[in-house]
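Trainee: One structure is given below, represented as structure tokens, and several questions about it will come after.
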Amino acid sequence: MADNTSANAYWAANKRIIYISLVIWALVSFGCGILFRPFLSGIAVGGTDLGFWFAQQGSILVFIVLIFFYAWRMNKLDREHGVDEE
Amino acid sequence: MDQYTLNLIVVGASFALYVGIAIWARAGSTSEFYAAGRGVNPVLNGMATAADWMSAASFISMAGLIAFVGYGNSTFLMGWTGGYVLLALLLAPYLRKFGKFTVPQFIGDRFYSQTARLVAVVCLITISVTYVIGQMTGAGVAFSRFLEVESTTGLFIASAVVFAYAVLGGMKGITYTQVAQYCVLIIAYTIPAIFISLQLTGNPIPGLGLFGTHAESGIPLLTKVDQVVTELGFNDYTNLHTSTFNMLLFTLSLMIGTAGLPHVIIRFFTVPKVSDARWSAGWALVFIALLYLTAPAVGAMARLNVMTTMWPNATAGEALSGEALAVADKPDWMANWEATGLLAFEDKNGDGRLQYYNDANADMQAIAAERGWAGNELVTFNRDILVLANPEIAQLPGWVIALIAAGGLAAALSTAAGLLLAISSAISHDLIKDALNPNISEKGELLAARISMAGAIALATYLGLNPPGFAAQTVALAFGLAAATIFPALMMGIFSKRVNSLGATAGMLTGLIVTCLYLFTYLGWFFIPGTNMLENTAANYLFGIPPTAFGPIGALLNFVVAYVVSSATEEPPQEVQDLVESIRVPRGAGVATGH
């Protein structure tokens with residue numbers, strides 16, 4: 001790593017990306033899949049409502065996108081801060 | 001060719017493949033034995049992780065678990081996949097950068113404490129041994145059901161096959177057999193699902209068919225399921241019948257537990273780079289999702305199929321406006337599975353028809369009295385049947401049935417092998433190499449690793465032959481402990497420089513002891529029936545928390561105790577803080593490969 005300031009900035013940026021990702025992670029599963037289901041009941045999806053879809057499929061699909069987004073974003077961040085693997 | 005011969009050929013061919021891979025992928029060094037030489041392609045590691053993770057329970061039981069409860073058991077779908085987000089973001093890349101071989105080794109080095117490492121070894125072995133019992137019994141059952149061998153003989157055959165690739169190849173052999181096992185199990189799971197979805201909804205993708213239209217009645221599939229089950233007095237499918245709080249807590253418990261399972265974590269030690277560990281977690285979830293997006297469809301469709309078989313009029317109209325299935329019209333697959341005891345019928349009122357309904361429901365009791373029914377006549381309806389009998393329900397050819405047998409065995413054996421490696425590396429690397437004989441040579445340690453593996457297989461076989469009566473309950477223990485001990489310790493080790501050896505050890509011990517006490521209170525001391533201090537009912541639970549969902553509470557206590565104790569004692573030495581700095585950045589991961 002170049003110096004301490006850059007290392008701190010890298011770690012702070014990483015933590016920020018993790019926070020945002022985990023908020024989305026919780027929103028789709030605990031939120032849309034369970035807690036907010038009553039509020040989403042107006043949106044019909046194949047014989048049931050959007051909350052049911054999030055609980056059985058939507059959250060899993062979002063999880064996949066989240067992990068790939070994190071991997072792509074972090075690999076970019078590694079290069080920006082010069083801490084990527086040669 | 002009869003079904004038995006077909007099963008034998010397909011299962012035999014899959015076993016020959018695994019043994020072939022074992023001979024090709026022999027391990028020549030400890031690095032190959034513990035971490036496959038860190039040369040596994042991230043996509044292949046994703047596949048291996050998916051097989052490692054998806055156990056006999058995921059393959060055989062999950063669709064049935066969802067089918068019989070409906071929406072409420074979505075917890076398994078979200079919990080068992082959401083854990084991978086935690087793993088990918090919070091643990092896997094940093095542990096790969098650390099570049100050692102076992103989970104207790106990280107805990108020991110980061111918290112500069114032999115005690116912390118030993119506590120981690122105890123937790124790891126408890127988690128993995130309880131988990132492996134289920135896999136071995138699952139393999140034994142699959143053998144006895146499909147190959148008509150005694151389940152004891154089946155278990156010995158399964159152990160011998162695992163022995164061949166796990167002892168010879170270690171992580172290297174296990175990785176490549178898991179890739180093969182993933183292919184077998186996903187094909188076996190998907191083919192019958194595609195056909196059943198085509199028959200019911202005309203959609204070849206089961207996940208889409210679930211939200212599609214039921215072909216014969218013209219209404220949405222899930223509406224049809226709701227309609228039929230409620231008509232017969234069962235809870236409807238798409239609503240929640242427990243508390244929201246329990247659903248939240250149980251989902252969280254499965255997520256944290258999944259992220260803390262050592263046999264899954266060590267899979268990420270096998271890829272060449274930190275960036276590969278990140279990608280690999282994504283691929284793992286893609287391969288897991290292929291099954292997890294199909295399972296709820298299989299569950300709902302198979303349940304509807306059974307319902308409409310029992311009440312032929314339900315297919316297009318209302319179940320009760322027609323007659324129940326006549327005994328003489330029982331389809332072949334029902335008769336076949338009756339022989340296994342997973343299904344049982346009893347014509348209680350002797351009318352030559354089989355009335356299947358919820359006889360605990362008051363409205364149904366009134367209808368039954370009026371129509372002269374004497375109780376539910378589908379007296380045994382095992383949940384696992386929905387997956388096991390799926391090819392027969394969909395009237396698929398014999399080779400598909402044989403594939404289900406091979407797939408179930410692949411799911412059980414791949415998970416068993418991963419668990420056995422986690423156990424044996426903790427013994428040979430953490431106990432023998434580190435604690436007992438630090439001067440052991442590379443060759444000596446490799447031999448020790450192989451002997452530990454053989455010992456772990458012998459223990460697993462013994463436990464498979466004599467499963468403790470509490471086998472089902474112990475899964476709660478495995479997930480609870482993984483959530484309450486391993487996950488918090490790893491996370492604090494990475495994200496805090498302040499947590500010290502005393503804090504981490506106190507935290508882990510708190511998580512371990514409190515979780516065990518809470519489970520034992522309701523499930524009996526060491527799960528011995530009758531020794532529980534409080535009855536296992538919701539009224540007795542502390543704040544309404546069921547023992548199966550205690551993981552997050554144990555984890556929270558672990559975090560709190562670790563922080564409080566650490567703040568009251570001195571900060572970790574400089575070299576440990578430097579270690580934390582170094583695992584936070586990817587550069588230099590290649591250097592650690594040699595250790």
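Note on naming: chains are A, B, ... as they come in the structure tokens, residues start from 1 per chain, ligands start from 1 in the order shown.
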Please, which residues of chain A lie no more than 10 Å from chain B when the count uses only C-alpha atoms, and can they be set out as number ranges by chain?

Mentor: A: 1, 7-8, 10-11, 14-15, 17-19, 21-22, 25-26, 28-31, 33-35, 45-49, 51-72, 74-75, 78, 81-86

Trainee: Please identify which residues in region 430-569 of chain B DSSP calls helix (DSSP H, G or I) from the backbone, and express them as number ranges by chain.

Mentor: B: 430-436, 442-465, 471-495, 501-523, 525-527, 538-540, 542-544, 547-549, 551-568

Trainee: Calculate how many Å separate CA of Val475 (chain B) from CA of Ala142 (chain B), rounding to one decimal.

Mentor: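 Atom-to-atom, CA of Val475 (chain B) to CA of Ala142 (chain B), that is 19.6 Å.
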
Trainee: So what do you get for CA of Met491 (chain B) versus CA of Gln105 (chain B), distance-wise?

Mentor: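 Those two atoms sit 14.5 Å apart.
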
Trainee: Please provide the set of residues having any atom within 10 Å of Tyr357 (chain B), restricted to only C-alpha atoms, with same-chain residues fewer than 5 positions apart removed, written as a list in words.

Mentor: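 Everything that qualifies: Val229, Thr230, Glu231, Leu232, Gly233, Phe234, Met307, Met310, Trp311, Met364, Gln365, Ala368, Gly375, Asn376, Glu377 and Leu378 of chain B.
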
Trainee: Leaving out Leu185 (chain B) and any residue of its chain fewer than 5 positions from it, which residues lie within 10 Å of it when counting only C-alpha atoms, given as a PyMOL selection string?

Mentor: chain B and resi 51+54+59+180+190+291+403-412

Trainee: Determine which residues of chain A DSSP labels as strand (DSSP E or B) from the backbone of this structure, then write them out as a ChimeraX atom specification.

Mentor: /A:44-45,48-49

Trainee: Counting only C-alpha atoms, which of A:Ala13, A:Leu27, A:Pro38, A:Leu50 gets nearest to Lys76 (chain A)?

Mentor: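 Residue with the minimum atom-to-atom distance to Lys76 (chain A): A:Ala13.
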